[in-house]
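Student: So I've got this file, protein_9.cif, and it contains mmCIF, C-alpha atoms:
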data_run
loop_
_atom_site.group_PDB
_atom_site.id
_atom_site.type_symbol
_atom_site.label_atom_id
_atom_site.label_comp_id
_atom_site.auth_asym_id
_atom_site.auth_seq_id
_atom_site.Cartn_x
_atom_site.Cartn_y
_atom_site.Cartn_z
ATOM 1 C CA MET V 150 132.603 3.819 39.848
ATOM 2 C CA SER V 151 130.930 1.129 37.716
ATOM 3 C CA TYR V 152 127.380 0.043 38.291
ATOM 4 C CA CYS V 153 124.525 -1.892 36.666
ATOM 5 C CA ARG V 154 120.819 -1.361 36.424
ATOM 6 C CA GLU V 155 118.080 -3.368 34.828
ATOM 7 C CA GLU V 156 115.261 -1.995 32.710
ATOM 8 C CA GLY V 157 112.827 -4.749 31.841
ATOM 9 C CA LYS V 158 114.704 -7.464 30.010
ATOM 10 C CA ASP V 159 117.771 -5.252 29.490
ATOM 11 C CA LYS V 160 120.778 -4.964 31.753
ATOM 12 C CA ILE V 161 122.636 -1.641 31.463
ATOM 13 C CA ILE V 162 126.245 -1.539 32.629
ATOM 14 C CA PHE V 163 127.991 1.760 33.244
ATOM 15 C CA VAL V 164 131.783 1.617 33.351
ATOM 16 C CA THR V 165 134.529 4.089 34.117
ATOM 17 C CA LYS V 166 137.574 4.993 32.045
ATOM 18 C CA GLU V 167 139.662 2.883 34.407
ATOM 19 C CA ASP V 168 137.417 -0.137 33.744
ATOM 20 C CA HIS V 169 138.187 0.152 30.026
ATOM 21 C CA GLU V 170 141.928 0.342 30.603
ATOM 22 C CA THR V 171 142.126 -3.141 32.152
ATOM 23 C CA PRO V 172 141.699 -6.246 29.967
ATOM 24 C CA SER V 173 138.289 -7.884 30.142
ATOM 25 C CA THR V 174 137.896 -11.180 31.963
ATOM 26 C CA ALA V 175 134.452 -11.875 30.485
ATOM 27 C CA ASP V 176 133.966 -15.316 28.956
ATOM 28 C CA VAL V 177 132.383 -14.761 25.544
ATOM 29 C CA SER V 178 133.089 -18.206 24.126
ATOM 30 C CA PHE V 179 130.275 -19.923 22.260
ATOM 31 C CA ASN V 180 129.861 -23.674 22.236
ATOM 32 C CA ILE V 181 127.348 -24.696 19.574
ATOM 33 C CA GLU V 182 126.732 -28.013 21.350
ATOM 34 C CA GLU V 183 125.728 -26.338 24.624
ATOM 35 C CA ASP V 184 124.526 -22.857 23.706
ATOM 36 C CA ASP V 185 122.486 -23.301 20.526
ATOM 37 C CA ASP V 186 119.191 -25.109 20.848
ATOM 38 C CA SER V 187 117.769 -23.959 17.502
ATOM 39 C CA PRO V 188 118.027 -26.562 14.748
ATOM 40 C CA GLY V 189 119.005 -24.195 11.919
ATOM 41 C CA LEU V 190 117.960 -24.406 8.272
ATOM 42 C CA ILE V 191 118.423 -28.146 7.875
ATOM 43 C CA LEU V 192 116.933 -30.428 10.521
ATOM 44 C CA PRO V 193 118.929 -33.396 11.850
ATOM 45 C CA ASN V 194 116.863 -35.711 9.614
ATOM 46 C CA GLY V 195 117.949 -33.720 6.503
ATOM 47 C CA GLU V 196 114.620 -31.993 5.931
ATOM 48 C CA ILE V 197 114.267 -28.242 5.491
ATOM 49 C CA ASN V 198 113.237 -26.284 8.594
ATOM 50 C CA TRP V 199 110.638 -23.894 7.164
ATOM 51 C CA GLN V 200 110.408 -22.158 10.570
ATOM 52 C CA CYS V 201 114.078 -21.099 10.506
ATOM 53 C CA PRO V 202 114.413 -17.326 11.020
ATOM 54 C CA CYS V 203 117.204 -17.412 8.430
ATOM 55 C CA LEU V 204 114.543 -17.695 5.721
ATOM 56 C CA GLY V 205 113.195 -14.294 6.721
ATOM 57 C CA GLY V 206 109.563 -15.360 6.460
ATOM 58 C CA MET V 207 109.887 -16.291 2.783
ATOM 59 C CA ALA V 208 108.163 -19.622 3.391
ATOM 60 C CA SER V 209 104.961 -17.840 4.365
ATOM 61 C CA GLY V 210 102.951 -15.145 2.637
ATOM 62 C CA PRO V 211 101.455 -15.084 -0.834
ATOM 63 C CA CYS V 212 104.532 -16.644 -2.481
ATOM 64 C CA GLY V 213 105.359 -19.092 0.308
ATOM 65 C CA GLU V 214 104.429 -22.205 -1.645
ATOM 66 C CA PRO V 215 106.324 -21.261 -4.821
ATOM 67 C CA PHE V 216 109.327 -20.379 -2.614
ATOM 68 C CA LYS V 217 109.132 -23.761 -0.856
ATOM 69 C CA GLU V 218 108.924 -25.600 -4.175
ATOM 70 C CA ALA V 219 111.916 -23.728 -5.634
ATOM 71 C CA PHE V 220 114.014 -23.987 -2.467
ATOM 72 C CA SER V 221 113.197 -27.689 -2.019
ATOM 73 C CA CYS V 222 114.039 -28.402 -5.641
ATOM 74 C CA PHE V 223 117.397 -26.677 -5.260
ATOM 75 C CA HIS V 224 118.168 -28.293 -1.899
ATOM 76 C CA TYR V 225 117.465 -31.827 -3.119
ATOM 77 C CA SER V 226 118.820 -31.255 -6.663
ATOM 78 C CA GLN V 227 121.236 -33.888 -7.956
ATOM 79 C CA ALA V 228 121.839 -32.017 -11.229
ATOM 80 C CA GLU V 229 125.222 -30.593 -12.224
ATOM 81 C CA PRO V 230 125.469 -27.703 -11.782
ATOM 82 C CA LYS V 231 123.195 -27.908 -8.776
ATOM 83 C CA GLY V 232 119.725 -26.483 -9.359
ATOM 84 C CA THR V 233 119.737 -26.503 -13.147
ATOM 85 C CA ASP V 234 116.735 -28.806 -12.974
ATOM 86 C CA CYS V 235 114.796 -26.174 -10.969
ATOM 87 C CA ILE V 236 114.467 -23.400 -13.539
ATOM 88 C CA GLU V 237 110.696 -23.696 -13.858
ATOM 89 C CA GLU V 238 110.200 -23.618 -10.069
ATOM 90 C CA PHE V 239 112.322 -20.480 -9.718
ATOM 91 C CA ARG V 240 110.551 -18.850 -12.647
ATOM 92 C CA THR V 241 107.179 -19.521 -10.968
ATOM 93 C CA MET V 242 108.467 -18.051 -7.702
ATOM 94 C CA GLN V 243 109.868 -14.989 -9.483
ATOM 95 C CA GLU V 244 106.572 -14.413 -11.309
ATOM 96 C CA CYS V 245 104.689 -14.624 -8.014
ATOM 97 C CA MET V 246 107.029 -12.185 -6.301
ATOM 98 C CA SER V 247 106.721 -9.688 -9.136
ATOM 99 C CA LYS V 248 102.984 -9.520 -8.402
ATOM 100 C CA TYR V 249 103.710 -8.282 -4.851
ATOM 101 C CA PRO V 250 106.446 -5.608 -5.137
ATOM 102 C CA GLU V 251 105.479 -4.116 -1.770
ATOM 103 C CA LEU V 252 106.241 -7.442 -0.040
ATOM 104 C CA TYR V 253 109.184 -8.478 -2.213
ATOM 105 C CA PRO V 254 110.952 -5.239 -3.207
ATOM 106 C CA ILE V 255 113.733 -5.269 -5.758
ATOM 107 C CA ASP V 256 117.151 -5.044 -4.123
ATOM 108 C CA LYS V 257 118.764 -1.611 -4.569
ATOM 109 C CA ASP V 258 121.779 -3.241 -6.237
ATOM 110 C CA GLU V 259 119.524 -5.047 -8.703
ATOM 111 C CA GLU V 260 117.555 -1.879 -9.345
ATOM 112 C CA GLY V 261 120.697 -0.095 -10.473
ATOM 113 C CA GLU V 262 121.744 -2.866 -12.832
ATOM 114 C CA LYS V 263 120.162 -2.243 -16.200
ATOM 115 C CA GLY V 264 119.196 -5.368 -17.997
ATOM 116 C CA ALA V 265 119.505 -7.710 -15.001
ATOM 117 C CA GLN V 266 116.147 -9.266 -15.781
ATOM 118 C CA GLU V 267 117.045 -9.528 -19.461
ATOM 119 C CA GLN V 268 120.269 -11.247 -18.493
ATOM 120 C CA THR V 269 118.313 -13.732 -16.369
ATOM 121 C CA LYS V 270 115.945 -14.417 -19.272
ATOM 122 C CA THR V 271 118.878 -14.899 -21.639
ATOM 123 C CA THR V 272 120.630 -17.259 -19.212
ATOM 124 C CA THR V 273 117.431 -19.241 -18.681
ATOM 125 C CA SER V 274 116.871 -19.483 -22.433
ATOM 126 C CA THR V 275 120.460 -20.625 -22.959
ATOM 127 C CA VAL V 276 120.173 -23.327 -20.283
ATOM 128 C CA GLU V 277 116.831 -24.485 -21.727
ATOM 129 C CA GLN V 278 118.259 -24.543 -25.274
ATOM 130 C CA ASN V 279 121.351 -26.472 -24.147
ATOM 131 C CA THR V 280 119.137 -28.963 -22.315
ATOM 132 C CA LYS V 281 116.967 -29.457 -25.424
ATOM 133 C CA GLU V 282 120.087 -29.961 -27.553
ATOM 134 C CA GLU V 283 121.441 -32.543 -25.095
ATOM 135 C CA VAL V 284 118.150 -34.448 -25.251
ATOM 136 C CA VAL V 285 118.188 -34.370 -29.067
ATOM 137 C CA ASP V 286 121.838 -35.492 -29.128
ATOM 138 C CA ALA V 287 121.064 -38.331 -26.717
ATOM 139 C CA LYS V 288 118.123 -39.497 -28.845
ATOM 140 C CA GLU V 289 120.232 -39.336 -31.998
ATOM 141 C CA SER V 290 122.967 -41.360 -30.288
ATOM 142 C CA GLU V 291 120.424 -43.989 -29.282
ATOM 143 C CA GLY V 292 119.135 -44.134 -32.855
ATOM 144 C CA THR V 293 122.594 -44.645 -34.361
ATOM 145 C CA GLN V 294 123.613 -47.199 -31.755
ATOM 146 C CA GLY V 295 120.486 -49.266 -32.371
ATOM 147 C CA SER V 296 121.181 -49.503 -36.144
#
When written as structure tokens, how does the structure in this file appear?

Tutor:
Amino acid sequence: MSYCREEGKDKIIFVTKEDHETPSTADVSFNIEEDDDSPGLILPNGEINWQCPCLGGMASGPCGEPFKEAFSCFHYSQAEPKGTDCIEEFRTMQECMSKYPELYPIDKDEEGEKGAQEQTKTTTSTVEQNTKEEVVDAKESEGTQGS
């Protein structure tokens, strides 16, 4: 015989083997329009919702401001590929987080990858070098077109 009991905010349902043999008639549909009153990461006006639980508290704490700057830069970035104009902001955030390893631990997968940080530095240097070369090329093109 099935029965329910409540313990505080929890409702505990005990079912029999026979209850499991018949198909459920429970309605578990989810309508985002009706059932979800949380705004999510991006607010209806397009701004970032820094209170969103999906950020896991990253917007607060000792590196909250560098995180907000890097995330905002990426979110609003018009560069191709997206975020390539945010390297300095992400570097600042990464430097901050490295000062607080107890709050921002290295992911186990990253820990096992030797040279991951070196690879990041190399990639950053390559992007910076390519950007500098593009600026030089653009200036040279302007100089030859003006002659």

Student: I need the output of the PyMOL selection byres ((chain V and resi 219) around 12) for this file as a PyMOL selection string; which residues are they?

Tutor: chain V and resi 207-208+212-218+220-226+232-243+245

Student: What gap, in Å, lies between CA of Pro254 in chain V and CA of Trp199 in chain V?

Tutor: 21.3 Å

Student: Determine, counting all atoms listed in the file, which protein, DNA and RNA residues have an atom within 12 Å of an atom of Thr165 in chain V; residues of the same chain fewer than 2 positions away are not included. Present the result as a list in words.

Tutor: Met150, Ser151, Tyr152, Cys153, Ile162, Phe163, Glu167, Asp168, His169, Glu170 and Thr171 of chain V
